[in-house]
file data02.txt (compact mmCIF, C-alpha atoms)
# COMPACT_ATOMS: atom_id res chain seq x y z
CA MET A 174 19.54 -153.62 85.86
CA ALA A 175 21.29 -150.26 86.20
CA ARG A 176 25.06 -150.08 86.17
CA HIS A 177 25.19 -147.24 88.72
CA LEU A 178 23.07 -145.86 91.57
CA LEU A 179 23.69 -142.11 91.58
CA GLY A 180 20.38 -140.79 92.90
CA ILE A 181 16.68 -141.40 93.38
CA GLU A 182 15.51 -138.57 91.13
CA ASP A 183 16.16 -140.51 87.91
CA LEU A 184 14.68 -143.83 89.09
CA SER A 185 11.23 -144.97 88.03
CA PRO A 186 8.71 -146.20 90.61
CA GLU A 187 9.18 -149.69 89.17
CA GLN A 188 12.96 -149.55 89.71
CA ILE A 189 12.45 -148.35 93.29
CA VAL A 190 10.02 -151.17 94.07
CA GLY A 191 12.47 -153.60 92.49
CA TYR A 192 15.16 -152.52 94.96
CA LEU A 193 12.71 -152.73 97.88
CA ASP A 194 11.53 -156.22 96.87
CA ALA A 195 15.11 -157.46 96.52
CA ALA A 196 15.96 -155.95 99.91
CA GLU A 197 13.03 -157.84 101.44
CA ARG A 198 14.65 -161.09 100.39
CA TRP A 199 18.00 -160.07 101.89
CA PHE A 200 16.32 -158.80 105.05
CA GLU A 201 14.91 -162.26 105.73
CA PHE A 202 18.24 -163.81 104.75
CA ASN A 203 20.05 -161.66 107.32
CA ARG A 204 17.70 -162.90 110.03
CA SER A 205 18.46 -166.52 109.17
CA GLY A 206 21.25 -168.54 110.77
CA ASP A 207 23.53 -168.49 107.72
CA ARG A 208 24.33 -164.92 106.65
CA LYS A 209 26.76 -165.67 103.83
CA ALA A 210 25.76 -165.79 100.16
CA SER A 211 28.06 -166.36 97.18
CA VAL A 212 26.31 -163.87 94.89
CA LEU A 213 29.34 -161.53 94.53
CA ARG A 214 32.12 -164.06 95.00
CA GLY A 215 35.14 -162.88 93.02
CA LYS A 216 33.92 -159.27 92.89
CA THR A 217 35.84 -156.38 94.48
CA ILE A 218 34.10 -153.43 96.15
CA ILE A 219 35.97 -150.31 97.25
CA ASN A 220 34.31 -148.04 99.82
CA LEU A 221 35.85 -144.61 99.18
CA PHE A 222 34.71 -142.24 101.93
CA TYR A 223 35.77 -138.58 101.98
CA GLU A 224 33.44 -137.80 104.90
CA ALA A 225 33.07 -139.39 108.32
CA SER A 226 30.45 -142.14 108.54
CA THR A 227 29.50 -144.97 110.87
CA ARG A 228 26.20 -146.48 109.74
CA THR A 229 26.57 -146.03 105.98
CA ARG A 230 30.15 -147.23 105.70
CA THR A 231 29.73 -150.14 108.11
CA SER A 232 26.52 -151.34 106.47
CA PHE A 233 28.08 -151.19 102.99
CA GLU A 234 31.01 -153.21 104.32
CA ALA A 235 28.69 -155.75 105.96
CA ALA A 236 26.56 -155.93 102.81
CA GLY A 237 29.53 -156.63 100.56
CA LYS A 238 30.98 -159.26 102.86
CA ARG A 239 27.65 -161.05 103.30
CA LEU A 240 27.51 -161.30 99.51
CA SER A 241 31.08 -162.78 99.56
CA ALA A 242 32.71 -159.83 97.78
CA ASP A 243 36.22 -158.64 98.60
CA VAL A 244 35.67 -155.30 100.38
CA ILE A 245 38.34 -152.60 100.69
CA ASN A 246 37.75 -149.48 102.80
CA VAL A 247 39.54 -146.25 101.92
CA SER A 248 39.13 -143.00 103.87
CA SER A 249 40.48 -139.61 102.85
CA SER A 250 42.43 -139.27 106.10
CA GLY A 251 44.36 -142.45 105.36
CA SER A 252 44.91 -141.90 101.65
CA SER A 253 46.96 -139.75 99.29
CA VAL A 254 44.23 -137.12 99.44
CA THR A 255 46.11 -135.71 102.43
CA LYS A 256 49.05 -135.20 100.06
CA GLY A 257 47.00 -133.24 97.55
CA GLU A 258 45.83 -135.99 95.19
CA THR A 259 42.64 -135.14 93.29
CA LEU A 260 39.49 -137.23 93.36
CA ARG A 261 39.96 -138.16 89.70
CA ASP A 262 43.55 -139.32 90.23
CA THR A 263 42.61 -141.30 93.33
CA ALA A 264 39.75 -142.95 91.47
CA ARG A 265 41.81 -143.67 88.36
CA ASN A 266 44.47 -145.35 90.48
CA LEU A 267 41.81 -147.43 92.19
CA GLN A 268 40.31 -148.22 88.77
CA ALA A 269 43.70 -149.62 87.70
CA MET A 270 43.26 -152.25 90.42
CA ARG A 271 40.10 -153.36 88.55
CA PRO A 272 37.37 -153.09 91.17
CA ASP A 273 33.83 -153.96 90.16
CA VAL A 274 32.12 -151.31 92.31
CA ILE A 275 33.25 -148.08 93.97
CA VAL A 276 30.97 -146.77 96.75
CA LEU A 277 31.67 -143.05 97.11
CA ARG A 278 30.80 -140.56 99.82
CA HIS A 279 32.02 -137.06 99.01
CA GLN A 280 31.44 -133.52 100.25
CA VAL A 281 30.98 -132.16 96.71
CA SER A 282 27.60 -132.52 95.01
CA GLY A 283 27.92 -134.45 91.77
CA ALA A 284 31.17 -136.27 92.65
CA PRO A 285 29.70 -139.77 92.02
CA HIS A 286 28.33 -138.60 88.65
CA TYR A 287 31.80 -137.31 87.76
CA LEU A 288 33.35 -140.72 88.48
CA ALA A 289 30.59 -142.52 86.58
CA ARG A 290 31.55 -140.51 83.47
CA HIS A 291 35.26 -141.26 83.77
CA LEU A 292 35.59 -144.79 85.17
CA HIS A 293 34.62 -148.21 83.85
CA CYS A 294 33.41 -149.76 87.10
CA SER A 295 30.00 -149.28 88.75
CA ILE A 296 29.54 -146.28 91.07
CA VAL A 297 27.20 -146.16 94.06
CA ASN A 298 26.46 -142.79 95.65
CA ALA A 299 26.77 -143.04 99.44
CA GLY A 300 26.03 -139.32 99.86
CA ASP A 301 27.29 -136.37 97.82
CA GLY A 302 27.36 -132.84 99.20
CA LEU A 303 23.90 -131.32 99.45
CA HIS A 304 22.55 -133.44 96.60
CA GLU A 305 21.33 -136.95 97.51
CA HIS A 306 21.79 -140.03 99.67
CA PRO A 307 19.92 -142.64 97.59
CA THR A 308 20.49 -145.73 99.73
CA GLN A 309 19.23 -143.85 102.81
CA GLY A 310 16.10 -142.97 100.86
CA LEU A 311 15.65 -146.61 99.90
CA LEU A 312 16.13 -147.89 103.44
CA ASP A 313 13.71 -145.27 104.77
CA ALA A 314 11.09 -146.41 102.27
CA PHE A 315 11.81 -150.05 103.09
CA THR A 316 11.32 -149.39 106.81
CA ILE A 317 8.08 -147.49 106.23
CA ARG A 318 6.70 -150.22 103.95
CA ARG A 319 7.52 -152.97 106.44
CA MET A 320 6.10 -151.14 109.45
CA LYS A 321 3.06 -149.47 107.85
CA GLY A 322 2.28 -152.06 105.17
CA LYS A 323 2.27 -149.44 102.39
CA ILE A 324 3.67 -146.08 101.31
CA ALA A 325 0.96 -144.74 99.01
CA GLY A 326 -1.45 -142.43 100.82
CA LEU A 327 0.74 -141.89 103.89
CA THR A 328 1.65 -138.44 105.21
CA VAL A 329 5.37 -138.18 105.96
CA ALA A 330 6.74 -135.19 107.88
CA VAL A 331 10.47 -134.49 107.36
CA ILE A 332 11.56 -132.07 110.08
CA GLY A 333 14.85 -130.36 110.87
CA ASP A 334 17.84 -129.02 108.96
CA VAL A 335 16.34 -129.54 105.51
CA GLN A 336 18.69 -126.99 103.93
CA HIS A 337 21.76 -129.18 104.45
CA SER A 338 20.09 -132.60 104.23
CA ARG A 339 20.67 -134.84 101.22
CA VAL A 340 18.48 -137.39 103.02
CA ALA A 341 15.51 -135.00 102.80
CA ARG A 342 15.94 -134.70 99.04
CA SER A 343 16.21 -138.43 98.43
CA ASP A 344 13.24 -139.12 100.71
CA ALA A 345 11.14 -136.48 98.95
CA HIS A 346 11.90 -137.85 95.48
CA LEU A 347 11.31 -141.46 96.49
CA LEU A 348 8.26 -141.21 98.73
CA ARG A 349 6.41 -138.96 96.31
CA LYS A 350 7.10 -141.37 93.44
CA LEU A 351 5.46 -144.10 95.54
CA GLY A 352 2.39 -142.01 96.35
CA ALA A 353 3.11 -140.47 99.77
CA HIS A 354 2.37 -136.89 100.76
CA VAL A 355 5.61 -135.30 102.03
CA ARG A 356 5.90 -132.26 104.31
CA PHE A 357 9.11 -130.34 104.91
CA CYS A 358 9.32 -128.44 108.20
CA ALA A 359 12.19 -126.19 109.28
CA PRO A 360 12.92 -122.60 110.25
CA TRP A 361 13.11 -120.44 107.12
CA THR A 362 16.88 -120.18 107.60
CA LEU A 363 17.15 -123.98 107.31
CA MET A 364 14.65 -124.44 104.47
CA PRO A 365 16.11 -124.51 100.94
CA LYS A 366 14.82 -121.93 98.51
CA GLY A 367 12.36 -123.41 96.06
CA ALA A 368 11.70 -126.49 98.20
CA GLU A 369 8.16 -126.54 96.78
CA ALA A 370 9.68 -127.54 93.43
CA LEU A 371 10.27 -130.98 94.93
CA GLY A 372 6.50 -131.39 95.16
CA VAL A 373 6.41 -131.22 98.94
CA GLU A 374 4.27 -129.19 101.34
CA VAL A 375 6.41 -126.58 103.09
CA VAL A 376 5.58 -125.47 106.65
CA THR A 377 7.55 -123.66 109.34
CA ASN A 378 5.45 -124.68 112.33
CA LEU A 379 6.14 -127.96 114.11
CA ASP A 380 2.55 -128.57 115.20
CA ALA A 381 1.30 -128.08 111.62
CA ALA A 382 3.94 -130.49 110.32
CA LEU A 383 3.03 -133.20 112.82
CA GLU A 384 -0.74 -132.89 112.50
CA GLY A 385 -2.07 -136.23 111.22
CA ALA A 386 1.37 -137.53 110.20
CA ASP A 387 1.82 -141.29 109.71
CA VAL A 388 5.61 -141.06 109.67
CA VAL A 389 7.92 -138.49 111.28
CA ILE A 390 11.50 -138.29 109.99
CA MET A 391 13.70 -136.09 112.17
CA LEU A 392 16.90 -134.61 110.75
CA ARG A 393 19.91 -133.64 112.80
CA ILE A 394 21.24 -130.13 113.06
CA GLN A 395 24.38 -130.32 110.92
CA ARG A 396 26.63 -128.15 113.02
CA GLU A 397 29.62 -128.77 110.74
CA ARG A 398 27.75 -127.05 107.86
CA LEU A 399 25.99 -124.27 109.78
CA VAL A 400 26.90 -120.64 110.16
CA ASP A 401 25.84 -118.80 113.29
CA ALA A 402 23.32 -116.64 111.44
CA MET A 403 21.18 -119.67 110.59
CA LEU A 404 20.41 -120.65 114.17
CA PRO A 405 20.25 -118.50 117.32
CA SER A 406 21.06 -121.46 119.60
CA THR A 407 20.41 -125.19 119.86
CA ARG A 408 18.36 -124.53 123.00
CA GLU A 409 16.03 -122.20 121.10
CA TYR A 410 15.83 -124.66 118.21
CA SER A 411 14.94 -127.53 120.56
CA ARG A 412 12.19 -125.49 122.16
CA THR A 413 10.63 -124.65 118.77
CA PHE A 414 11.36 -127.66 116.56
CA GLY A 415 12.43 -130.46 118.91
CA LEU A 416 10.35 -133.66 118.94
CA SER A 417 9.07 -134.63 122.38
CA GLN A 418 6.30 -136.91 123.58
CA ARG A 419 4.11 -133.82 123.94
CA THR A 420 4.60 -132.62 120.37
CA LEU A 421 4.50 -136.14 118.92
CA ALA A 422 0.91 -136.40 120.19
CA ARG A 423 -0.07 -134.21 117.21
CA ALA A 424 0.77 -137.09 114.86
CA LYS A 425 -1.39 -140.17 114.45
CA LYS A 426 -1.41 -142.54 117.42
CA ASP A 427 0.31 -145.26 115.38
CA ALA A 428 2.86 -142.92 113.79
CA ILE A 429 6.45 -144.10 113.61
CA VAL A 430 9.50 -141.92 114.27
CA MET A 431 12.64 -142.21 112.17
CA HIS A 432 16.07 -140.57 112.10
CA PRO A 433 18.99 -141.16 109.69
CA GLY A 434 21.51 -140.58 112.49
CA PRO A 435 23.60 -139.55 114.19
CA MET A 436 21.07 -138.08 116.60
CA ASN A 437 21.60 -134.90 118.58
CA ARG A 438 19.63 -136.05 121.62
CA GLY A 439 18.00 -133.19 123.44
CA VAL A 440 18.19 -130.98 120.35
CA GLU A 441 15.99 -132.31 117.54
CA ILE A 442 14.73 -135.33 119.48
CA ASP A 443 14.17 -136.21 123.14
CA ASP A 444 15.46 -139.44 124.66
CA ALA A 445 11.91 -140.54 125.48
CA VAL A 446 10.99 -140.42 121.79
CA ALA A 447 14.27 -141.76 120.40
CA ASP A 448 14.03 -144.81 122.66
CA GLY A 449 10.23 -145.03 122.79
CA ILE A 450 7.82 -147.57 121.38
CA GLN A 451 7.15 -145.47 118.26
CA SER A 452 10.83 -145.25 117.36
CA ALA A 453 11.95 -147.09 114.20
CA VAL A 454 15.55 -145.84 114.33
CA LEU A 455 17.15 -149.25 114.90
CA ASP A 456 14.81 -150.79 112.34
CA GLN A 457 16.32 -148.37 109.83
CA VAL A 458 19.83 -149.53 110.72
CA GLU A 459 18.87 -153.19 110.24
CA ALA A 460 17.17 -152.36 106.95
CA GLY A 461 20.29 -150.54 105.74
CA VAL A 462 22.32 -153.73 105.35
CA ALA A 463 19.58 -155.49 103.37
CA VAL A 464 18.98 -152.49 101.10
CA ARG A 465 22.69 -152.11 100.37
CA MET A 466 22.97 -155.82 99.63
CA ALA A 467 20.20 -155.36 97.06
CA VAL A 468 21.95 -152.33 95.55
CA LEU A 469 25.38 -153.98 95.33
CA GLU A 470 23.87 -157.12 93.82
CA SER A 471 22.05 -155.04 91.22
CA VAL A 472 24.87 -152.74 90.10
CA ALA A 473 27.44 -155.56 90.03
CA ALA A 474 25.13 -157.53 87.73
CA GLY A 475 24.23 -154.45 85.68
call {"tool": "encode", "arguments": {"input": "data02.txt", "output": "structure tokens"}}
result
Amino acid sequence: MARHLLGIEDLSPEQIVGYLDAAERWFEFNRSGDRKASVLRGKTIINLFYEASTRTRTSFEAAGKRLSADVINVSSSGSSVTKGETLRDTARNLQAMRPDVIVLRHQVSGAPHYLARHLHCSIVNAGDGLHEHPTQGLLDAFTIRRMKGKIAGLTVAVIGDVQHSRVARSDAHLLRKLGAHVRFCAPWTLMPKGAEALGVEVVTNLDAALEGADVVIMLRIQRERLVDAMLPSTREYSRTFGLSQRTLARAKKDAIVMHPGPMNRGVEIDDAVADGIQSAVLDQVEAGVAVRMAVLESVAAG
């Protein structure tokens, strides 16, 4: 068992499947009447979030509590960060309280790796800058495997603001390791340079990206990271790259639609698709708790 979860890139296919299989057990557990296990009784988990989050932070909190851990939530707005304290000093002070796991979300790429080098407790990456979001990648794979019965051989189209998406990177690493064909689709201004190095197919036409896709993962336009030069307008973007029932018809009839959230309805995805029968968005949210239970169980034991 690994002591940390810092990214998908360094995991083997066997490690990934191990997480998914463990999450399957917790998924069924969460659907049972009794949703309280004693696996992490006596352990302390600190959720240290330097960026706003709803789904990730809440699901990590729910996961820890369902495993009977003591869970402490710390946000930058309510901490000494507002007084100028550095990440290292904050973390070292938290380390002095002897937590077993720190779950970190940070705007700087590599921040979780930095803490893993300096602290004694386990570190879980809940999203770092433009690098990775490993538990989102795991829950996406878990959702696909449950709904499609497999991952190998599927065509997965990842569409939207790829340039600023750590989810896209984690999904690409993970899904390719498990045998899927991954397409990235975005305007050139929102496509990272050298995206082909991830082993993905790169297209800039929505119809080409959707053609024959088994899974469609839409990414939100990250307005907080954009500069005006990257996007003429959200209306123009929606007209060219927005997913509607009409454009979704290019994908396979049994294709599923996913989104890591939060959704910009009417921009990258229409209401009719987000709430339609092919949508797996809420399935992803449910899977997130089970996947994070598996991760916390693993790193605490490791």
call {"tool": "closest_residue", "arguments": {"input": "data02.txt", "among": "A:Val281, A:Ile296, A:Val468, A:Leu379", "to": "Ile332 in chain A", "atoms": "all atoms listed in the file"}}
result
A:Leu379
call {"tool": "closest_atom_pairs", "arguments": {"input": "data02.txt", "of": "range 293-351 of chain A", "to": "range 357-361 of chain A", "cutoff": "7 Å", "atoms": "all atoms listed in the file", "output": "tab-separated table"}}
result
residue	atom	partner	partner_atom	distance
A:Ala330	CA	A:Phe357	CA	6.2
A:Val331	CA	A:Phe357	CA	5.0
A:Ile332	CA	A:Cys358	CA	4.7
A:Gly333	CA	A:Ala359	CA	5.2
A:Asp334	CA	A:Ala359	CA	6.3
A:Val335	CA	A:Ala359	CA	6.5
call {"tool": "write_last_selection", "arguments": {"input": "data02.txt", "atoms": "C-alpha atoms", "output": "CSV table (one decimal), in the frame of the given file"}}
result
chain,number,residue,atom,x,y,z
A,330,ALA,CA,6.7,-135.2,107.9
A,331,VAL,CA,10.5,-134.5,107.4
A,332,ILE,CA,11.6,-132.1,110.1
A,333,GLY,CA,14.8,-130.4,110.9
A,334,ASP,CA,17.8,-129.0,109.0
A,335,VAL,CA,16.3,-129.5,105.5
call {"tool": "closest_residue", "arguments": {"input": "data02.txt", "among": "A:Ile219, A:Leu347, A:Ala236, A:Ala463", "to": "Ser248 in chain A", "atoms": "only C-alpha atoms"}}
result
A:Ile219
call {"tool": "residues_around", "arguments": {"input": "data02.txt", "residues": "Gly475 in chain A", "least_positions_apart": "6", "cutoff": "9 Å", "atoms": "all atoms listed in the file", "output": "list in words"}}
result
Met174, Ala175, Arg176, His177 and Ser295 of chain A
call {"tool": "write_last_selection", "arguments": {"input": "data02.txt", "atoms": "C-alpha atoms", "output": "PDB file, keeping the file's coordinate frame"}}
result
ATOM      1  CA  MET A 174      19.540-153.620  85.860  1.00  0.00           C
ATOM      2  CA  ALA A 175      21.290-150.260  86.200  1.00  0.00           C
ATOM      3  CA  ARG A 176      25.060-150.080  86.170  1.00  0.00           C
ATOM      4  CA  HIS A 177      25.190-147.240  88.720  1.00  0.00           C
ATOM      5  CA  SER A 295      30.000-149.280  88.750  1.00  0.00           C
TER       6      SER A 295
END
call {"tool": "residues_around", "arguments": {"input": "data02.txt", "residues": "Arg239 in chain A", "least_positions_apart": "4", "cutoff": "8 Å", "atoms": "only C-alpha atoms", "output": "ChimeraX atom specification"}}
result
/A:208-210,235,466
call {"tool": "atom_distance", "arguments": {"input": "data02.txt", "atom1": "CA of Val462 in chain A", "atom2": "CA of Ser232 in chain A"}}
result
5.0 Å
call {"tool": "atom_distance", "arguments": {"input": "data02.txt", "atom1": "CA of Arg349 in chain A", "atom2": "CA of Ala382 in chain A"}}
result
16.6 Å
call {"tool": "residues_around", "arguments": {"input": "data02.txt", "residues": "range 304-309 of chain A", "least_positions_apart": "4", "cutoff": "9 Å", "atoms": "all atoms listed in the file", "output": "number ranges by chain"}}
result
A: 178-182, 229, 281-283, 297-300, 313-314, 337-344, 347, 433, 457, 461, 464-465, 468
call {"tool": "atom_distance", "arguments": {"input": "data02.txt", "atom1": "CA of Gly302 in chain A", "atom2": "CA of Arg408 in chain A"}}
result
26.8 Å
call {"tool": "closest_residue", "arguments": {"input": "data02.txt", "among": "A:Gly257, A:Pro272, A:Gly191, A:Pro186", "to": "His293 in chain A", "atoms": "only C-alpha atoms"}}
result
A:Pro272
